[in-house]
$ cat structure_36.tsv   # TSV, C-alpha atoms
chain	number	residue	atom	x	y	z
A	1	MET	CA	-5.54	-38.07	-2.64
A	2	ASN	CA	-2.14	-36.55	-1.87
A	3	PRO	CA	-1.84	-32.85	-1.14
A	4	GLU	CA	0.04	-32.01	-4.34
A	5	PRO	CA	-2.58	-33.32	-6.82
A	6	GLN	CA	-5.23	-31.59	-4.69
A	7	LEU	CA	-3.44	-28.28	-4.99
A	8	LYS	CA	-3.10	-28.84	-8.72
A	9	LEU	CA	-6.84	-29.37	-8.97
A	10	GLN	CA	-7.38	-26.10	-7.15
A	11	ALA	CA	-4.93	-24.34	-9.44
A	12	LEU	CA	-6.92	-25.70	-12.37
A	13	LEU	CA	-10.09	-24.24	-10.90
A	14	ASP	CA	-8.42	-20.86	-10.32
A	15	GLY	CA	-6.94	-20.70	-13.80
A	16	GLU	CA	-3.40	-20.74	-12.45
A	17	LEU	CA	-2.10	-23.64	-14.54
A	18	PRO	CA	-0.38	-23.28	-17.92
A	19	PRO	CA	-2.80	-24.20	-20.77
A	20	ASP	CA	-1.09	-27.51	-21.62
A	21	GLU	CA	-1.08	-28.69	-18.04
A	22	ALA	CA	-4.67	-27.56	-17.55
A	23	ARG	CA	-5.83	-29.57	-20.58
A	24	ALA	CA	-4.02	-32.69	-19.39
A	25	LEU	CA	-5.39	-32.38	-15.86
A	26	SER	CA	-8.94	-31.78	-17.10
A	27	ALA	CA	-8.76	-35.01	-19.11
A	28	GLN	CA	-7.44	-36.81	-16.06
A	29	VAL	CA	-10.27	-35.50	-13.87
A	30	GLU	CA	-12.84	-36.91	-16.27
A	31	ARG	CA	-11.47	-40.39	-15.61
A	32	ASP	CA	-11.16	-39.94	-11.84
A	33	PRO	CA	-14.46	-39.62	-9.92
A	34	ALA	CA	-12.75	-38.69	-6.63
A	35	ALA	CA	-10.87	-35.86	-8.29
A	36	ALA	CA	-14.04	-34.73	-10.06
A	37	ALA	CA	-15.95	-34.68	-6.75
A	38	LEU	CA	-13.27	-32.64	-5.04
A	39	LEU	CA	-13.10	-30.20	-7.92
A	40	ALA	CA	-16.88	-29.81	-7.80
A	41	GLU	CA	-16.79	-29.09	-4.07
A	42	LEU	CA	-14.06	-26.49	-4.45
A	43	GLN	CA	-16.02	-24.89	-7.28
A	44	THR	CA	-19.24	-24.74	-5.25
A	45	THR	CA	-17.46	-23.18	-2.29
A	46	ARG	CA	-15.84	-20.60	-4.50
A	47	GLN	CA	-19.13	-19.68	-6.17
A	48	THR	CA	-20.90	-19.48	-2.83
A	49	LEU	CA	-18.28	-17.16	-1.40
A	50	GLN	CA	-18.11	-14.92	-4.44
A	51	SER	CA	-21.84	-14.36	-4.36
A	52	GLY	CA	-22.11	-13.75	-0.68
A	53	GLU	CA	-19.81	-11.14	0.77
A	54	THR	CA	-21.61	-9.19	3.44
A	55	PRO	CA	-21.63	-5.48	2.59
A	56	ALA	CA	-20.41	-3.47	5.56
A	57	THR	CA	-21.07	0.22	6.04
A	58	VAL	CA	-19.46	2.79	8.26
A	59	THR	CA	-21.99	3.70	10.91
A	60	GLU	CA	-20.38	7.05	11.73
A	61	SER	CA	-21.62	10.14	9.92
A	62	ARG	CA	-19.65	11.43	6.96
A	63	GLU	CA	-18.55	14.50	8.92
A	64	PHE	CA	-17.45	12.58	11.99
A	65	TYR	CA	-15.57	9.94	10.01
A	66	TRP	CA	-13.84	12.62	7.93
A	67	SER	CA	-12.96	14.80	10.93
A	68	LYS	CA	-10.40	12.31	12.26
A	69	ILE	CA	-8.81	11.92	8.82
A	70	ALA	CA	-8.69	15.69	8.34
A	71	ARG	CA	-7.14	16.14	11.79
A	72	ASP	CA	-4.41	13.58	11.07
A	73	ILE	CA	-3.70	15.12	7.68
A	74	ALA	CA	-3.41	18.57	9.26
A	75	ARG	CA	-1.02	17.20	11.87
A	76	LEU	CA	1.12	15.65	9.14
A	77	GLU	CA	1.14	18.85	7.12
A	78	ARG	CA	2.36	20.79	10.15
A	79	ARG	CA	5.16	18.26	10.71
A	80	SER	CA	6.23	18.14	7.10
A	81	PRO	CA	9.23	20.47	6.67
A	82	ALA	CA	8.56	20.81	2.97
A	83	ARG	CA	5.31	22.59	3.64
A	84	GLN	CA	6.60	24.87	6.40
A	85	LYS	CA	7.50	28.49	5.70
A	86	PRO	CA	11.23	28.86	6.17
A	87	GLY	CA	12.40	31.24	8.94
A	88	LEU	CA	15.15	33.88	8.68
A	89	LEU	CA	17.86	31.40	9.62
A	90	ALA	CA	16.55	28.94	7.04
A	91	TRP	CA	16.61	31.68	4.41
A	92	LEU	CA	20.21	32.53	5.33
A	93	ARG	CA	21.15	28.87	5.08
A	94	LEU	CA	19.47	28.70	1.73
A	95	LEU	CA	21.44	31.76	0.55
A	96	VAL	CA	24.89	30.61	1.68
A	97	LEU	CA	25.51	28.24	-1.21
A	98	PRO	CA	24.36	30.48	-4.08
A	99	VAL	CA	26.20	33.51	-2.66
A	100	THR	CA	29.39	31.47	-2.29
A	101	VAL	CA	29.10	30.27	-5.87
A	102	VAL	CA	28.57	33.82	-7.16
A	103	VAL	CA	31.57	35.15	-5.22
A	104	VAL	CA	33.82	32.37	-6.52
A	105	LEU	CA	32.64	32.99	-10.08
A	106	VAL	CA	33.31	36.73	-9.79
A	107	ILE	CA	36.82	36.10	-8.48
A	108	VAL	CA	37.57	33.61	-11.23
A	109	GLY	CA	36.10	35.96	-13.83
A	110	LEU	CA	38.16	38.92	-12.68
A	111	SER	CA	41.26	36.82	-12.58
A	112	LEU	CA	40.74	35.56	-16.13
A	113	HIS	CA	39.94	39.05	-17.33
A	114	TYR	CA	43.16	40.41	-15.83
A	115	HIS	CA	45.30	37.65	-17.29
A	116	THR	CA	43.86	37.84	-20.81
A	117	ARG	CA	43.92	41.66	-21.27
A	118	PRO	CA	46.10	42.68	-24.31
A	119	ASP	CA	48.21	45.04	-22.21
A	120	SER	CA	48.48	42.56	-19.45
A	121	PRO	CA	52.10	41.63	-18.72
A	122	VAL	CA	51.13	38.01	-18.66
A	123	ALA	CA	49.44	38.28	-22.06
A	124	THR	CA	52.35	40.23	-23.75
A	125	GLY	CA	55.15	38.32	-22.07
A	126	ASN	CA	56.81	41.67	-21.06
A	127	GLN	CA	57.85	41.89	-17.54
A	128	PRO	CA	57.12	45.21	-16.02
A	129	ALA	CA	60.10	47.48	-15.51
A	130	PRO	CA	61.24	47.46	-11.97
A	131	PRO	CA	59.98	50.48	-10.19
A	132	ALA	CA	62.41	53.36	-10.04
A	133	GLU	CA	64.33	53.48	-6.88
A	134	PRO	CA	62.89	56.25	-4.85
A	135	LYS	CA	65.16	59.04	-4.26
A	136	LEU	CA	65.76	59.68	-0.67
A	137	ALA	CA	65.02	63.12	0.25
A	138	GLY	CA	68.14	64.93	1.25
A	139	ALA	CA	70.58	62.22	0.11
A	140	ASP	CA	72.76	64.69	-1.81
A	141	THR	CA	72.90	66.93	1.15
A	142	THR	CA	74.03	64.12	3.37
A	143	ASN	CA	76.87	63.24	0.94
A	144	THR	CA	77.95	66.85	0.87
A	145	ILE	CA	78.00	66.98	4.57
A	146	LEU	CA	80.05	63.80	4.72
A	147	GLY	CA	82.43	65.23	2.15
A	148	ARG	CA	81.74	62.70	-0.67
B	1	MET	CA	-14.28	25.04	-5.19
B	2	SER	CA	-17.55	24.36	-3.44
B	3	GLY	CA	-18.62	20.92	-2.19
B	4	PRO	CA	-21.33	20.14	-4.75
B	5	ALA	CA	-18.90	20.72	-7.64
B	6	TYR	CA	-16.76	17.85	-6.42
B	7	THR	CA	-19.70	15.47	-6.55
B	8	THR	CA	-19.88	15.86	-10.33
B	9	MET	CA	-16.22	14.95	-10.83
B	10	ASP	CA	-15.02	11.39	-11.47
B	11	ASP	CA	-12.39	9.74	-9.29
B	12	GLY	CA	-9.52	10.64	-11.59
B	13	GLU	CA	-10.46	14.33	-11.58
B	14	LEU	CA	-10.83	14.27	-7.82
B	15	VAL	CA	-7.39	12.69	-7.44
B	16	ASP	CA	-5.88	15.40	-9.66
B	17	ALA	CA	-7.59	18.10	-7.60
B	18	ALA	CA	-6.51	16.48	-4.34
B	19	ARG	CA	-2.92	16.38	-5.58
B	20	THR	CA	-2.98	20.15	-5.83
B	21	GLY	CA	-3.91	20.27	-2.15
B	22	GLN	CA	-7.68	20.53	-2.45
B	23	LEU	CA	-8.81	18.73	0.68
B	24	GLY	CA	-12.46	19.00	-0.38
B	25	ALA	CA	-11.75	16.79	-3.39
B	26	PHE	CA	-10.14	14.22	-1.15
B	27	GLU	CA	-13.08	14.32	1.23
B	28	GLU	CA	-15.35	13.48	-1.69
B	29	LEU	CA	-13.19	10.44	-2.50
B	30	VAL	CA	-13.42	9.36	1.13
B	31	ALA	CA	-17.19	9.74	1.11
B	32	ARG	CA	-17.48	7.67	-2.06
B	33	HIS	CA	-15.32	4.75	-1.07
B	34	ARG	CA	-15.26	4.67	2.73
B	35	ASP	CA	-17.71	1.77	3.02
B	36	LYS	CA	-15.73	-0.49	0.71
B	37	ILE	CA	-12.46	0.33	2.46
B	38	PHE	CA	-14.00	-0.23	5.88
B	39	ALA	CA	-15.60	-3.51	4.70
B	40	ARG	CA	-12.27	-4.88	3.53
B	41	ALA	CA	-10.56	-4.05	6.83
B	42	LEU	CA	-13.50	-5.61	8.67
B	43	SER	CA	-13.43	-8.82	6.63
B	44	LEU	CA	-9.77	-9.27	7.54
B	45	THR	CA	-9.79	-8.17	11.17
B	46	ARG	CA	-13.35	-9.14	12.18
B	47	ASN	CA	-13.33	-6.24	14.61
B	48	GLU	CA	-15.36	-3.10	13.91
B	49	ASP	CA	-13.30	-0.68	16.00
B	50	GLU	CA	-10.02	-1.90	14.54
B	51	ALA	CA	-11.47	-1.84	11.04
B	52	LEU	CA	-12.70	1.71	11.48
B	53	GLU	CA	-9.32	2.92	12.70
B	54	LEU	CA	-7.44	1.02	10.00
B	55	SER	CA	-9.68	2.43	7.30
B	56	GLN	CA	-9.11	5.99	8.53
B	57	THR	CA	-5.37	5.40	8.73
B	58	ALA	CA	-5.52	4.08	5.17
B	59	TRP	CA	-7.07	7.34	3.99
B	60	VAL	CA	-4.36	9.40	5.67
B	61	LYS	CA	-1.69	7.19	4.04
B	62	ALA	CA	-3.43	7.62	0.69
B	63	TRP	CA	-3.28	11.41	1.05
B	64	GLN	CA	0.44	11.18	1.68
B	65	ARG	CA	0.97	8.87	-1.31
B	66	LEU	CA	-1.38	10.44	-3.82
B	67	HIS	CA	1.58	11.28	-6.05
B	68	GLN	CA	2.28	7.52	-6.31
B	69	PHE	CA	-1.16	6.75	-7.74
B	70	GLN	CA	-0.54	6.02	-11.41
B	71	GLY	CA	-4.14	5.40	-12.41
B	72	GLU	CA	-3.40	1.98	-13.96
B	73	ALA	CA	-5.96	0.41	-11.66
B	74	GLY	CA	-8.94	2.36	-10.39
B	75	PHE	CA	-8.65	4.58	-7.35
B	76	ALA	CA	-10.83	2.22	-5.28
B	77	THR	CA	-8.55	-0.72	-6.14
B	78	TRP	CA	-5.48	1.30	-5.19
B	79	MET	CA	-7.11	2.33	-1.90
B	80	THR	CA	-8.15	-1.25	-1.19
B	81	ARG	CA	-4.56	-2.41	-1.53
B	82	ILE	CA	-3.50	0.19	1.01
B	83	VAL	CA	-6.07	-0.93	3.56
B	84	ILE	CA	-5.27	-4.60	2.92
B	85	ASN	CA	-1.58	-3.98	3.59
B	86	LEU	CA	-2.36	-2.03	6.75
B	87	SER	CA	-4.74	-4.75	7.94
B	88	LEU	CA	-2.19	-7.49	7.27
B	89	ASP	CA	0.49	-5.52	9.16
B	90	HIS	CA	-1.97	-5.12	12.01
B	91	LEU	CA	-2.75	-8.86	12.05
B	92	ARG	CA	0.96	-9.69	11.98
B	93	ARG	CA	1.55	-7.44	14.98
B	94	GLN	CA	-1.32	-9.11	16.81
B	95	LYS	CA	0.06	-12.53	15.97
B	96	ARG	CA	3.48	-11.64	17.33
B	97	GLN	CA	1.80	-10.61	20.58
B	98	ARG	CA	0.16	-14.00	21.06
B	99	THR	CA	2.83	-16.42	19.97
B	100	ASP	CA	1.70	-18.94	22.51
B	101	SER	CA	-1.80	-19.23	21.08
B	102	LEU	CA	-3.23	-22.41	19.65
B	103	GLU	CA	-3.65	-20.63	16.35
B	104	ALA	CA	0.08	-20.11	16.07
B	105	LEU	CA	0.59	-23.83	16.56
B	106	THR	CA	-1.94	-24.92	13.98
B	107	GLU	CA	-0.45	-22.47	11.50
B	108	ASP	CA	2.64	-24.65	11.17
B	109	ASN	CA	0.52	-27.68	10.29
B	110	ASP	CA	-0.88	-26.37	7.03
B	111	GLY	CA	0.18	-29.47	5.16
B	112	GLN	CA	-1.30	-31.86	7.68
B	113	GLU	CA	-4.89	-30.76	8.01
B	114	PRO	CA	-7.41	-33.39	9.04
B	115	ALA	CA	-9.02	-35.13	6.09
B	116	LEU	CA	-12.53	-33.82	5.42
B	117	PRO	CA	-15.15	-35.74	3.47
B	118	VAL	CA	-15.87	-34.29	0.05
B	119	LEU	CA	-19.32	-32.68	-0.13
B	120	THR	CA	-21.44	-33.61	-3.08
B	121	THR	CA	-24.21	-31.04	-2.74
B	122	SER	CA	-24.21	-27.31	-2.15
B	123	PRO	CA	-25.06	-26.76	1.51
B	124	THR	CA	-26.31	-23.24	0.88
B	125	ALA	CA	-28.57	-24.00	-2.07
B	126	GLY	CA	-31.96	-22.35	-1.79
B	127	LEU	CA	-30.91	-19.67	0.69
B	128	GLU	CA	-31.98	-16.06	0.23
B	129	GLN	CA	-29.09	-13.69	-0.53
B	130	GLN	CA	-29.26	-11.99	2.86
B	131	GLU	CA	-29.38	-15.29	4.68
B	132	LEU	CA	-26.53	-16.65	2.60
B	133	ARG	CA	-24.39	-13.64	3.44
B	134	ALA	CA	-25.03	-14.07	7.14
B	135	VAL	CA	-24.07	-17.75	6.96
B	136	ILE	CA	-20.88	-17.01	5.03
B	137	ASP	CA	-19.97	-14.24	7.42
B	138	GLN	CA	-20.42	-16.54	10.37
B	139	ALA	CA	-18.33	-19.27	8.75
B	140	LEU	CA	-15.57	-16.82	7.84
B	141	GLY	CA	-15.43	-15.79	11.49
B	142	GLN	CA	-14.64	-19.36	12.47
B	143	LEU	CA	-11.60	-19.64	10.23
B	144	SER	CA	-8.09	-18.91	11.42
B	145	VAL	CA	-6.73	-15.49	10.49
B	146	GLU	CA	-4.38	-17.06	7.95
B	147	HIS	CA	-7.08	-19.06	6.20
B	148	ARG	CA	-9.55	-16.19	6.21
B	149	THR	CA	-6.95	-13.79	4.81
B	150	VAL	CA	-6.16	-15.86	1.71
B	151	LEU	CA	-9.83	-16.59	1.16
B	152	VAL	CA	-10.81	-12.92	1.36
B	153	LEU	CA	-7.96	-11.82	-0.90
B	154	HIS	CA	-8.67	-14.51	-3.48
B	155	GLU	CA	-12.47	-14.65	-3.54
B	156	PHE	CA	-13.41	-11.07	-2.70
B	157	GLU	CA	-10.47	-9.16	-4.15
B	158	ASP	CA	-9.77	-11.44	-7.11
B	159	MET	CA	-6.08	-11.48	-6.30
B	160	ASN	CA	-4.02	-14.26	-7.91
B	161	TYR	CA	-1.68	-16.57	-5.99
B	162	LYS	CA	1.37	-14.46	-6.75
B	163	ASP	CA	-0.18	-11.21	-5.52
B	164	ILE	CA	-1.44	-12.88	-2.35
B	165	ALA	CA	2.01	-14.31	-1.71
B	166	GLN	CA	3.49	-10.83	-2.13
B	167	SER	CA	0.95	-9.17	0.16
B	168	THR	CA	1.15	-11.76	2.90
B	169	GLY	CA	4.88	-12.38	2.66
B	170	CYS	CA	4.32	-16.13	2.16
B	171	SER	CA	5.56	-18.56	-0.44
B	172	LEU	CA	3.34	-19.52	-3.36
B	173	GLY	CA	3.05	-23.04	-1.94
B	174	THR	CA	1.85	-21.75	1.41
B	175	VAL	CA	-0.76	-19.57	-0.28
B	176	MET	CA	-2.05	-22.52	-2.31
B	177	SER	CA	-2.13	-24.76	0.72
B	178	ARG	CA	-3.89	-22.19	2.91
B	179	LEU	CA	-6.44	-21.45	0.22
B	180	PHE	CA	-7.17	-25.13	-0.28
B	181	TYR	CA	-7.72	-25.86	3.39
B	182	ALA	CA	-9.64	-22.64	3.90
B	183	ARG	CA	-12.05	-23.65	1.14
B	184	ARG	CA	-12.44	-27.14	2.52
B	185	LYS	CA	-13.09	-25.81	6.00
B	186	MET	CA	-15.60	-23.35	4.63
B	187	ALA	CA	-17.38	-26.16	2.84
B	188	ALA	CA	-17.48	-28.19	6.06
B	189	LEU	CA	-18.69	-25.19	8.10
B	190	LEU	CA	-21.44	-24.43	5.63
B	191	ALA	CA	-22.48	-28.09	5.60
B	192	GLY	CA	-22.53	-28.05	9.41
B	193	TRP	CA	-24.80	-25.04	9.33
B	194	ARG	CA	-27.22	-26.93	7.03
B	195	LYS	CA	-27.34	-29.86	9.48
B	196	GLU	CA	-28.08	-27.55	12.41
B	197	THR	CA	-31.10	-26.00	10.71

$ encode --input "structure_36.tsv" --output "structure tokens"
Amino acid sequence: MNPEPQLKLQALLDGELPPDEARALSAQVERDPAAAALLAELQTTRQTLQSGETPATVTESREFYWSKIARDIARLERRSPARQKPGLLAWLRLLVLPVTVVVVLVIVGLSLHYHTRPDSPVATGNQPAPPAEPKLAGADTTNTILGR
Amino acid sequence: MSGPAYTTMDDGELVDAARTGQLGAFEELVARHRDKIFARALSLTRNEDEALELSQTAWVKAWQRLHQFQGEAGFATWMTRIVINLSLDHLRRQKRQRTDSLEALTEDNDGQEPALPVLTTSPTAGLEQQELRAVIDQALGQLSVEHRTVLVLHEFEDMNYKDIAQSTGCSLGTVMSRLFYARRKMAALLAGWRKET
């Protein structure tokens, strides 16, 4: 028998064939003694194996077996940055972004507030009067002295 | 929580407790399932020391991945998959280290196995359960790693072809071929045992 029909027979045994194909192959097996014999052998081997796995048990005590696992878990926990307490520098790093955001928001807020105030020159469209020219102390006196 | 309280909890409750960092709950899960996990590693590696280490590594991995456990399958099934994957990785590493072995050569000849006569009677009929297990164990030990792996995953873990292909990184055809020849070899080995006795 060629390998492919043999693998099909096995697939039939393992329930891996589509129903139509399985029905057709089952009918074919009934007419083919060699195929039937092979199928029977595969079935016997499968049943034998499924009924006979040797149970294995850990010979170490519960405490000893667990101690290595617990040690490795503890080592992992120490390495994991997510579970470490952040230091001062880490706290500062954590604070940089929120503080920056707050400062920017305050600046933007103040700026908006200034520009939207009713008496704000920007809001009223009035330009502020130029500041009065400061009088120089003693200017008149100087002119008098110069004879103007 | 004290130790005895954990013993009254089911696996799902223990997983939930372990997820909150309760190591005692996880220890209870280990105690409950350690034999099964060790047995699976042993059936694949056939080496007690390696199986013990792989099983312990599997538990550590499980602790790290507890958040991934969805509870669709049982906890023991989920754990078994972890130890199977670790064992297969381990076997792959071993195989890479002995590329010049005879086993590596025969691996490429999956499609050209020697023809074996079809057995018409069960060679293990009439054996006591304990005796049967010993015979099967001995026969499994004589298979190649590749043949034993598919046989263990299919017969002991009830994995289908597709899942085995995924776990082993092989094509579906290779899985089918390996399983077929593994079964035929097992049948021949068991028949050989009957002749010896």

$ atom_distance --input "structure_36.tsv" --atom1 "CA of Ile84 (chain B)" --atom2 "CA of Leu44 (chain B)"
8.0 Å

$ residues_near_point --input "structure_36.tsv" --point "(-8.4, -38.1, 2.3)" --cutoff "8 Å" --atoms "all atoms listed in the file" --output "tab-separated table (two decimals) with C-alpha atoms, keeping the file's coordinate frame"
chain	number	residue	atom	x	y	z
A	1	MET	CA	-5.54	-38.07	-2.64
A	2	ASN	CA	-2.14	-36.55	-1.87
B	115	ALA	CA	-9.02	-35.13	6.09
B	116	LEU	CA	-12.53	-33.82	5.42
B	117	PRO	CA	-15.15	-35.74	3.47

$ atom_distance --input "structure_36.tsv" --atom1 "CA of Glu146 (chain B)" --atom2 "CA of Thr80 (chain B)"
18.6 Å

$ closest_residue --input "structure_36.tsv" --among "A:Ser111, A:Gln28, A:Thr57, A:Thr100" --to "chain B" --atoms "only C-alpha atoms"
A:Thr57

$ interface_residues --input "structure_36.tsv" --of "chain A" --to "chain B" --cutoff "10 Å" --atoms "only C-alpha atoms" --output "PyMOL selection string"
chain A and resi 1+3-4+6-11+14-16+34-35+37-63+65-74+76-77

$ write_last_selection --input "structure_36.tsv" --atoms "C-alpha atoms" --output "PDB file, keeping the file's coordinate frame"
ATOM      1  CA  MET A   1      -5.540 -38.070  -2.640  1.00  0.00           C
ATOM      2  CA  PRO A   3      -1.840 -32.850  -1.140  1.00  0.00           C
ATOM      3  CA  GLU A   4       0.040 -32.010  -4.340  1.00  0.00           C
ATOM      4  CA  GLN A   6      -5.230 -31.590  -4.690  1.00  0.00           C
ATOM      5  CA  LEU A   7      -3.440 -28.280  -4.990  1.00  0.00           C
ATOM      6  CA  LYS A   8      -3.100 -28.840  -8.720  1.00  0.00           C
ATOM      7  CA  LEU A   9      -6.840 -29.370  -8.970  1.00  0.00           C
ATOM      8  CA  GLN A  10      -7.380 -26.100  -7.150  1.00  0.00           C
ATOM      9  CA  ALA A  11      -4.930 -24.340  -9.440  1.00  0.00           C
ATOM     10  CA  ASP A  14      -8.420 -20.860 -10.320  1.00  0.00           C
ATOM     11  CA  GLY A  15      -6.940 -20.700 -13.800  1.00  0.00           C
ATOM     12  CA  GLU A  16      -3.400 -20.740 -12.450  1.00  0.00           C
ATOM     13  CA  ALA A  34     -12.750 -38.690  -6.630  1.00  0.00           C
ATOM     14  CA  ALA A  35     -10.870 -35.860  -8.290  1.00  0.00           C
ATOM     15  CA  ALA A  37     -15.950 -34.680  -6.750  1.00  0.00           C
ATOM     16  CA  LEU A  38     -13.270 -32.640  -5.040  1.00  0.00           C
ATOM     17  CA  LEU A  39     -13.100 -30.200  -7.920  1.00  0.00           C
ATOM     18  CA  ALA A  40     -16.880 -29.810  -7.800  1.00  0.00           C
ATOM     19  CA  GLU A  41     -16.790 -29.090  -4.070  1.00  0.00           C
ATOM     20  CA  LEU A  42     -14.060 -26.490  -4.450  1.00  0.00           C
ATOM     21  CA  GLN A  43     -16.020 -24.890  -7.280  1.00  0.00           C
ATOM     22  CA  THR A  44     -19.240 -24.740  -5.250  1.00  0.00           C
ATOM     23  CA  THR A  45     -17.460 -23.180  -2.290  1.00  0.00           C
ATOM     24  CA  ARG A  46     -15.840 -20.600  -4.500  1.00  0.00           C
ATOM     25  CA  GLN A  47     -19.130 -19.680  -6.170  1.00  0.00           C
ATOM     26  CA  THR A  48     -20.900 -19.480  -2.830  1.00  0.00           C
ATOM     27  CA  LEU A  49     -18.280 -17.160  -1.400  1.00  0.00           C
ATOM     28  CA  GLN A  50     -18.110 -14.920  -4.440  1.00  0.00           C
ATOM     29  CA  SER A  51     -21.840 -14.360  -4.360  1.00  0.00           C
ATOM     30  CA  GLY A  52     -22.110 -13.750  -0.680  1.00  0.00           C
ATOM     31  CA  GLU A  53     -19.810 -11.140   0.770  1.00  0.00           C
ATOM     32  CA  THR A  54     -21.610  -9.190   3.440  1.00  0.00           C
ATOM     33  CA  PRO A  55     -21.630  -5.480   2.590  1.00  0.00           C
ATOM     34  CA  ALA A  56     -20.410  -3.470   5.560  1.00  0.00           C
ATOM     35  CA  THR A  57     -21.070   0.220   6.040  1.00  0.00           C
ATOM     36  CA  VAL A  58     -19.460   2.790   8.260  1.00  0.00           C
ATOM     37  CA  THR A  59     -21.990   3.700  10.910  1.00  0.00           C
ATOM     38  CA  GLU A  60     -20.380   7.050  11.730  1.00  0.00           C
ATOM     39  CA  SER A  61     -21.620  10.140   9.920  1.00  0.00           C
ATOM     40  CA  ARG A  62     -19.650  11.430   6.960  1.00  0.00           C
ATOM     41  CA  GLU A  63     -18.550  14.500   8.920  1.00  0.00           C
ATOM     42  CA  TYR A  65     -15.570   9.940  10.010  1.00  0.00           C
ATOM     43  CA  TRP A  66     -13.840  12.620   7.930  1.00  0.00           C
ATOM     44  CA  SER A  67     -12.960  14.800  10.930  1.00  0.00           C
ATOM     45  CA  LYS A  68     -10.400  12.310  12.260  1.00  0.00           C
ATOM     46  CA  ILE A  69      -8.810  11.920   8.820  1.00  0.00           C
ATOM     47  CA  ALA A  70      -8.690  15.690   8.340  1.00  0.00           C
ATOM     48  CA  ARG A  71      -7.140  16.140  11.790  1.00  0.00           C
ATOM     49  CA  ASP A  72      -4.410  13.580  11.070  1.00  0.00           C
ATOM     50  CA  ILE A  73      -3.700  15.120   7.680  1.00  0.00           C
ATOM     51  CA  ALA A  74      -3.410  18.570   9.260  1.00  0.00           C
ATOM     52  CA  LEU A  76       1.120  15.650   9.140  1.00  0.00           C
ATOM     53  CA  GLU A  77       1.140  18.850   7.120  1.00  0.00           C
TER      54      GLU A  77
END

$ atom_distance --input "structure_36.tsv" --atom1 "CA of Ile82 (chain B)" --atom2 "CA of Ala5 (chain B)"
27.1 Å

$ build_atoms --input "structure_36.tsv" --residues "region 149-153 of chain B" --atoms "all heavy atoms" --output "mmCIF file, in the frame of the given file"
data_model
loop_
_atom_site.group_PDB
_atom_site.id
_atom_site.type_symbol
_atom_site.label_atom_id
_atom_site.label_comp_id
_atom_site.auth_asym_id
_atom_site.auth_seq_id
_atom_site.Cartn_x
_atom_site.Cartn_y
_atom_site.Cartn_z
ATOM 1 N N THR B 149 -7.654 -14.810 5.605
ATOM 2 C CA THR B 149 -6.950 -13.790 4.810
ATOM 3 C C THR B 149 -6.818 -14.218 3.344
ATOM 4 O O THR B 149 -7.181 -13.455 2.448
ATOM 5 C CB THR B 149 -5.547 -13.524 5.410
ATOM 6 O OG1 THR B 149 -5.712 -13.035 6.730
ATOM 7 C CG2 THR B 149 -4.783 -12.498 4.596
ATOM 8 N N VAL B 150 -6.339 -15.436 3.120
ATOM 9 C CA VAL B 150 -6.160 -15.860 1.710
ATOM 10 C C VAL B 150 -7.513 -15.985 1.004
ATOM 11 O O VAL B 150 -7.643 -15.638 -0.171
ATOM 12 C CB VAL B 150 -5.371 -17.185 1.561
ATOM 13 C CG1 VAL B 150 -3.918 -16.985 1.862
ATOM 14 C CG2 VAL B 150 -5.953 -18.288 2.397
ATOM 15 N N LEU B 151 -8.508 -16.435 1.761
ATOM 16 C CA LEU B 151 -9.830 -16.590 1.160
ATOM 17 C C LEU B 151 -10.415 -15.226 0.759
ATOM 18 O O LEU B 151 -10.929 -15.053 -0.345
ATOM 19 C CB LEU B 151 -10.758 -17.270 2.178
ATOM 20 C CG LEU B 151 -11.847 -18.191 1.657
ATOM 21 C CD1 LEU B 151 -11.294 -19.230 0.709
ATOM 22 C CD2 LEU B 151 -12.578 -18.861 2.815
ATOM 23 N N VAL B 152 -10.293 -14.269 1.648
ATOM 24 C CA VAL B 152 -10.810 -12.920 1.360
ATOM 25 C C VAL B 152 -10.068 -12.313 0.166
ATOM 26 O O VAL B 152 -10.687 -11.759 -0.748
ATOM 27 C CB VAL B 152 -10.680 -12.007 2.604
ATOM 28 C CG1 VAL B 152 -10.863 -10.541 2.247
ATOM 29 C CG2 VAL B 152 -11.696 -12.414 3.671
ATOM 30 N N LEU B 153 -8.749 -12.425 0.181
ATOM 31 C CA LEU B 153 -7.960 -11.820 -0.900
ATOM 32 C C LEU B 153 -8.254 -12.494 -2.239
ATOM 33 O O LEU B 153 -8.323 -11.832 -3.275
ATOM 34 C CB LEU B 153 -6.465 -11.882 -0.585
ATOM 35 C CG LEU B 153 -6.010 -11.111 0.657
ATOM 36 C CD1 LEU B 153 -4.503 -11.194 0.808
ATOM 37 C CD2 LEU B 153 -6.441 -9.658 0.602
#
